[in-house]
Amino acid sequence: MFKGIPLNLPPYPFRLKQEDGKVFIFDELRKRYLLVTPEEWVRQHWIQYLINQKRYPKTLIQCEGGLKLNELQKRTDLLIFNRTGEKILIAEFKAPSVKITQEAFDQIARYNLIHRVPLLVVSNGLQHYYCHIDFERKSYQYIEDLPDFTV
């Protein structure tokens, strides 16, 4: 059976299936099987990490939400809300083979022009970067770890 790339995230007992020589992983947010690509492997680990380790309720996590940026339709890898419906976090994932560069940060910063959330995550599953945005001071700072979900 499929042995995914080991990531710098805890392992999880994913539901996998194989059809026509392709491996699919069950996405518990979207309630369906998805083709396992390197980026999807990272996203599914992050979903489990956010739910199980950081206690973000899965009902508040939106996967691949659409947004319009400069008349172009784009997709946010993950968008998380608080219990009052405010957006609090966006995440951008890359395949483990993709080096995290300024381009990835520029991409999530462009998305955040639309979403205006205080927490940003960029990860390729091996390296993770967290950033807190202060809109009042028009500043940002990298933070060591992602905060746990708070009520």
# chains A, B, ... in the order shown; residues from 1 in each chain; ligands from 1
>>> residues_around(residues="region 27-42 of chain A", least_positions_apart="4", cutoff="9 Å", atoms="only C-alpha atoms", output="PyMOL selection string")
chain A and resi 4-5+7+9+14-17+22-23+46-47+58-59+61-63+93-97+123-126
>>> select_by_dssp(residues="chain A", states="strand (DSSP E or B)", output="PyMOL selection string")
chain A and resi 16-19+22-27+32-35+61-69+72-81+87-93+119-123+128-134+139-143
>>> atom_distance(atom1="CA of Tyr12 (chain A)", atom2="CA of Tyr142 (chain A)")
27.3 Å
>>> residues_around(residues="region 75-89 of chain A", least_positions_apart="2", cutoff="7 Å", atoms="only C-alpha atoms", output="PyMOL selection string")
chain A and resi 60-67+91-93+117-120
>>> closest_residue(among="A:Tyr56, A:Tyr111, A:Phe26, A:Phe105", to="Thr150 (chain A)", atoms="only C-alpha atoms")
A:Tyr56
>>> atom_distance(atom1="CA of Val121 (chain A)", atom2="CA of Ile90 (chain A)")
6.4 Å
>>> atom_distance(atom1="CA of Cys131 (chain A)", atom2="CA of Ile143 (chain A)")
5.6 Å
>>> decode(residues="region 1-136 of chain A", atoms="C-alpha atoms", output="PDB file, in the first residue's frame")
ATOM      1  CA  MET A   1       0.000   0.000   0.000  1.00  0.00           C
ATOM      2  CA  PHE A   2       0.926   3.659  -0.301  1.00  0.00           C
ATOM      3  CA  LYS A   3       3.751   4.901   1.907  1.00  0.00           C
ATOM      4  CA  GLY A   4       3.594   8.691   1.862  1.00  0.00           C
ATOM      5  CA  ILE A   5       6.563  10.971   2.206  1.00  0.00           C
ATOM      6  CA  PRO A   6       7.476  11.330   5.906  1.00  0.00           C
ATOM      7  CA  LEU A   7       6.688  14.881   6.995  1.00  0.00           C
ATOM      8  CA  ASN A   8       7.650  17.073   9.917  1.00  0.00           C
ATOM      9  CA  LEU A   9       4.150  16.539  11.334  1.00  0.00           C
ATOM     10  CA  PRO A  10       2.738  13.674  13.400  1.00  0.00           C
ATOM     11  CA  PRO A  11       1.664  10.561  11.456  1.00  0.00           C
ATOM     12  CA  TYR A  12      -2.068   9.911  11.245  1.00  0.00           C
ATOM     13  CA  PRO A  13      -4.107   6.776  10.426  1.00  0.00           C
ATOM     14  CA  PHE A  14      -5.466   8.030   7.122  1.00  0.00           C
ATOM     15  CA  ARG A  15      -8.148   6.169   5.204  1.00  0.00           C
ATOM     16  CA  LEU A  16      -6.542   5.317   1.888  1.00  0.00           C
ATOM     17  CA  LYS A  17      -7.806   3.384  -1.098  1.00  0.00           C
ATOM     18  CA  GLN A  18      -6.317   2.383  -4.406  1.00  0.00           C
ATOM     19  CA  GLU A  19      -8.133   2.467  -7.749  1.00  0.00           C
ATOM     20  CA  ASP A  20      -6.669   2.006 -11.210  1.00  0.00           C
ATOM     21  CA  GLY A  21      -3.142   2.214  -9.808  1.00  0.00           C
ATOM     22  CA  LYS A  22      -3.852   5.553  -8.097  1.00  0.00           C
ATOM     23  CA  VAL A  23      -3.994   6.201  -4.371  1.00  0.00           C
ATOM     24  CA  PHE A  24      -6.780   8.250  -2.809  1.00  0.00           C
ATOM     25  CA  ILE A  25      -7.041   9.710   0.685  1.00  0.00           C
ATOM     26  CA  PHE A  26     -10.263  10.427   2.546  1.00  0.00           C
ATOM     27  CA  ASP A  27     -10.684  14.108   3.357  1.00  0.00           C
ATOM     28  CA  GLU A  28     -12.841  14.316   6.465  1.00  0.00           C
ATOM     29  CA  LEU A  29     -13.648  17.988   5.825  1.00  0.00           C
ATOM     30  CA  ARG A  30     -14.974  17.479   2.318  1.00  0.00           C
ATOM     31  CA  LYS A  31     -16.240  13.953   3.089  1.00  0.00           C
ATOM     32  CA  ARG A  32     -14.781  12.359  -0.030  1.00  0.00           C
ATOM     33  CA  TYR A  33     -11.709  10.613  -1.353  1.00  0.00           C
ATOM     34  CA  LEU A  34      -9.139  12.752  -3.152  1.00  0.00           C
ATOM     35  CA  LEU A  35      -6.193  11.778  -5.300  1.00  0.00           C
ATOM     36  CA  VAL A  36      -3.035  11.810  -3.207  1.00  0.00           C
ATOM     37  CA  THR A  37      -0.665  14.374  -4.651  1.00  0.00           C
ATOM     38  CA  PRO A  38       2.363  15.580  -2.676  1.00  0.00           C
ATOM     39  CA  GLU A  39       0.545  18.841  -1.846  1.00  0.00           C
ATOM     40  CA  GLU A  40      -2.625  16.987  -0.813  1.00  0.00           C
ATOM     41  CA  TRP A  41      -0.515  14.736   1.441  1.00  0.00           C
ATOM     42  CA  VAL A  42       0.757  17.878   3.201  1.00  0.00           C
ATOM     43  CA  ARG A  43      -2.731  19.434   3.403  1.00  0.00           C
ATOM     44  CA  GLN A  44      -4.271  16.285   4.927  1.00  0.00           C
ATOM     45  CA  HIS A  45      -1.537  16.114   7.569  1.00  0.00           C
ATOM     46  CA  TRP A  46      -2.125  19.753   8.415  1.00  0.00           C
ATOM     47  CA  ILE A  47      -5.878  19.242   8.694  1.00  0.00           C
ATOM     48  CA  GLN A  48      -5.313  16.443  11.200  1.00  0.00           C
ATOM     49  CA  TYR A  49      -2.669  18.436  13.065  1.00  0.00           C
ATOM     50  CA  LEU A  50      -4.967  21.448  13.401  1.00  0.00           C
ATOM     51  CA  ILE A  51      -7.877  19.292  14.591  1.00  0.00           C
ATOM     52  CA  ASN A  52      -6.015  16.871  16.860  1.00  0.00           C
ATOM     53  CA  GLN A  53      -3.048  18.833  18.239  1.00  0.00           C
ATOM     54  CA  LYS A  54      -4.163  22.456  18.010  1.00  0.00           C
ATOM     55  CA  ARG A  55      -7.867  21.792  18.744  1.00  0.00           C
ATOM     56  CA  TYR A  56      -9.311  23.768  15.818  1.00  0.00           C
ATOM     57  CA  PRO A  57     -12.897  22.510  15.319  1.00  0.00           C
ATOM     58  CA  LYS A  58     -13.223  20.868  11.918  1.00  0.00           C
ATOM     59  CA  THR A  59     -16.552  22.652  11.404  1.00  0.00           C
ATOM     60  CA  LEU A  60     -14.616  25.960  11.337  1.00  0.00           C
ATOM     61  CA  ILE A  61     -12.055  24.846   8.721  1.00  0.00           C
ATOM     62  CA  GLN A  62     -12.734  25.524   5.040  1.00  0.00           C
ATOM     63  CA  CYS A  63     -10.651  23.659   2.503  1.00  0.00           C
ATOM     64  CA  GLU A  64      -9.808  25.235  -0.861  1.00  0.00           C
ATOM     65  CA  GLY A  65     -12.131  28.178  -0.486  1.00  0.00           C
ATOM     66  CA  GLY A  66     -12.430  30.396  -3.517  1.00  0.00           C
ATOM     67  CA  LEU A  67     -11.533  34.055  -3.688  1.00  0.00           C
ATOM     68  CA  LYS A  68     -11.297  36.635  -6.414  1.00  0.00           C
ATOM     69  CA  LEU A  69      -7.979  38.459  -6.755  1.00  0.00           C
ATOM     70  CA  ASN A  70      -7.424  40.995  -9.544  1.00  0.00           C
ATOM     71  CA  GLU A  71     -10.347  39.513 -11.491  1.00  0.00           C
ATOM     72  CA  LEU A  72      -8.761  36.036 -11.243  1.00  0.00           C
ATOM     73  CA  GLN A  73     -10.367  33.141  -9.386  1.00  0.00           C
ATOM     74  CA  LYS A  74      -7.939  31.685  -6.798  1.00  0.00           C
ATOM     75  CA  ARG A  75      -8.189  29.088  -4.039  1.00  0.00           C
ATOM     76  CA  THR A  76      -7.012  29.337  -0.461  1.00  0.00           C
ATOM     77  CA  ASP A  77      -5.605  25.970   0.717  1.00  0.00           C
ATOM     78  CA  LEU A  78      -7.148  26.354   4.184  1.00  0.00           C
ATOM     79  CA  LEU A  79      -9.196  29.110   5.732  1.00  0.00           C
ATOM     80  CA  ILE A  80     -10.167  28.922   9.408  1.00  0.00           C
ATOM     81  CA  PHE A  81     -12.857  30.870  11.218  1.00  0.00           C
ATOM     82  CA  ASN A  82     -13.525  31.561  14.884  1.00  0.00           C
ATOM     83  CA  ARG A  83     -16.860  30.727  16.503  1.00  0.00           C
ATOM     84  CA  THR A  84     -18.344  34.113  15.544  1.00  0.00           C
ATOM     85  CA  GLY A  85     -17.572  33.567  11.854  1.00  0.00           C
ATOM     86  CA  GLU A  86     -14.517  35.825  11.603  1.00  0.00           C
ATOM     87  CA  LYS A  87     -11.615  34.596   9.503  1.00  0.00           C
ATOM     88  CA  ILE A  88      -8.604  33.950  11.747  1.00  0.00           C
ATOM     89  CA  LEU A  89      -6.086  31.911   9.748  1.00  0.00           C
ATOM     90  CA  ILE A  90      -5.117  31.107   6.189  1.00  0.00           C
ATOM     91  CA  ALA A  91      -2.646  28.473   5.130  1.00  0.00           C
ATOM     92  CA  GLU A  92      -0.707  27.873   1.944  1.00  0.00           C
ATOM     93  CA  PHE A  93       0.751  24.424   1.331  1.00  0.00           C
ATOM     94  CA  LYS A  94       3.385  23.266  -1.076  1.00  0.00           C
ATOM     95  CA  ALA A  95       4.660  19.805  -1.957  1.00  0.00           C
ATOM     96  CA  PRO A  96       7.611  18.630   0.184  1.00  0.00           C
ATOM     97  CA  SER A  97       9.880  18.906  -2.854  1.00  0.00           C
ATOM     98  CA  VAL A  98       9.017  22.604  -3.248  1.00  0.00           C
ATOM     99  CA  LYS A  99      11.324  24.938  -1.380  1.00  0.00           C
ATOM    100  CA  ILE A 100       9.549  27.628   0.608  1.00  0.00           C
ATOM    101  CA  THR A 101      10.598  30.899  -1.008  1.00  0.00           C
ATOM    102  CA  GLN A 102       9.567  34.527  -0.948  1.00  0.00           C
ATOM    103  CA  GLU A 103       7.158  33.672  -3.763  1.00  0.00           C
ATOM    104  CA  ALA A 104       5.065  31.508  -1.386  1.00  0.00           C
ATOM    105  CA  PHE A 105       4.937  34.358   1.142  1.00  0.00           C
ATOM    106  CA  ASP A 106       3.989  36.807  -1.600  1.00  0.00           C
ATOM    107  CA  GLN A 107       1.177  34.472  -2.673  1.00  0.00           C
ATOM    108  CA  ILE A 108      -0.326  34.188   0.813  1.00  0.00           C
ATOM    109  CA  ALA A 109       0.129  37.948   1.366  1.00  0.00           C
ATOM    110  CA  ARG A 110      -1.872  38.626  -1.821  1.00  0.00           C
ATOM    111  CA  TYR A 111      -4.617  36.288  -0.590  1.00  0.00           C
ATOM    112  CA  ASN A 112      -4.583  38.091   2.730  1.00  0.00           C
ATOM    113  CA  LEU A 113      -5.323  41.398   1.004  1.00  0.00           C
ATOM    114  CA  ILE A 114      -8.754  39.857   0.468  1.00  0.00           C
ATOM    115  CA  HIS A 115      -9.193  37.792   3.646  1.00  0.00           C
ATOM    116  CA  ARG A 116      -7.452  40.094   6.180  1.00  0.00           C
ATOM    117  CA  VAL A 117      -6.693  37.415   8.773  1.00  0.00           C
ATOM    118  CA  PRO A 118      -4.217  37.718  11.652  1.00  0.00           C
ATOM    119  CA  LEU A 119      -2.499  34.328  11.271  1.00  0.00           C
ATOM    120  CA  LEU A 120      -0.699  32.977   8.222  1.00  0.00           C
ATOM    121  CA  VAL A 121       0.834  29.522   7.761  1.00  0.00           C
ATOM    122  CA  VAL A 122       3.132  28.484   4.929  1.00  0.00           C
ATOM    123  CA  SER A 123       4.353  24.884   4.885  1.00  0.00           C
ATOM    124  CA  ASN A 124       5.723  22.208   2.593  1.00  0.00           C
ATOM    125  CA  GLY A 125       5.229  19.603   5.308  1.00  0.00           C
ATOM    126  CA  LEU A 126       8.905  19.727   6.223  1.00  0.00           C
ATOM    127  CA  GLN A 127       9.305  23.405   7.019  1.00  0.00           C
ATOM    128  CA  HIS A 128       6.573  25.491   8.618  1.00  0.00           C
ATOM    129  CA  TYR A 129       6.402  29.261   8.899  1.00  0.00           C
ATOM    130  CA  TYR A 130       3.907  31.187  11.015  1.00  0.00           C
ATOM    131  CA  CYS A 131       3.238  34.878  10.826  1.00  0.00           C
ATOM    132  CA  HIS A 132       1.038  37.173  12.904  1.00  0.00           C
ATOM    133  CA  ILE A 133      -0.344  40.255  11.163  1.00  0.00           C
ATOM    134  CA  ASP A 134      -1.142  43.409  13.150  1.00  0.00           C
ATOM    135  CA  PHE A 135      -3.476  45.415  10.929  1.00  0.00           C
ATOM    136  CA  GLU A 136      -3.666  48.395  13.278  1.00  0.00           C
TER     137      GLU A 136
END
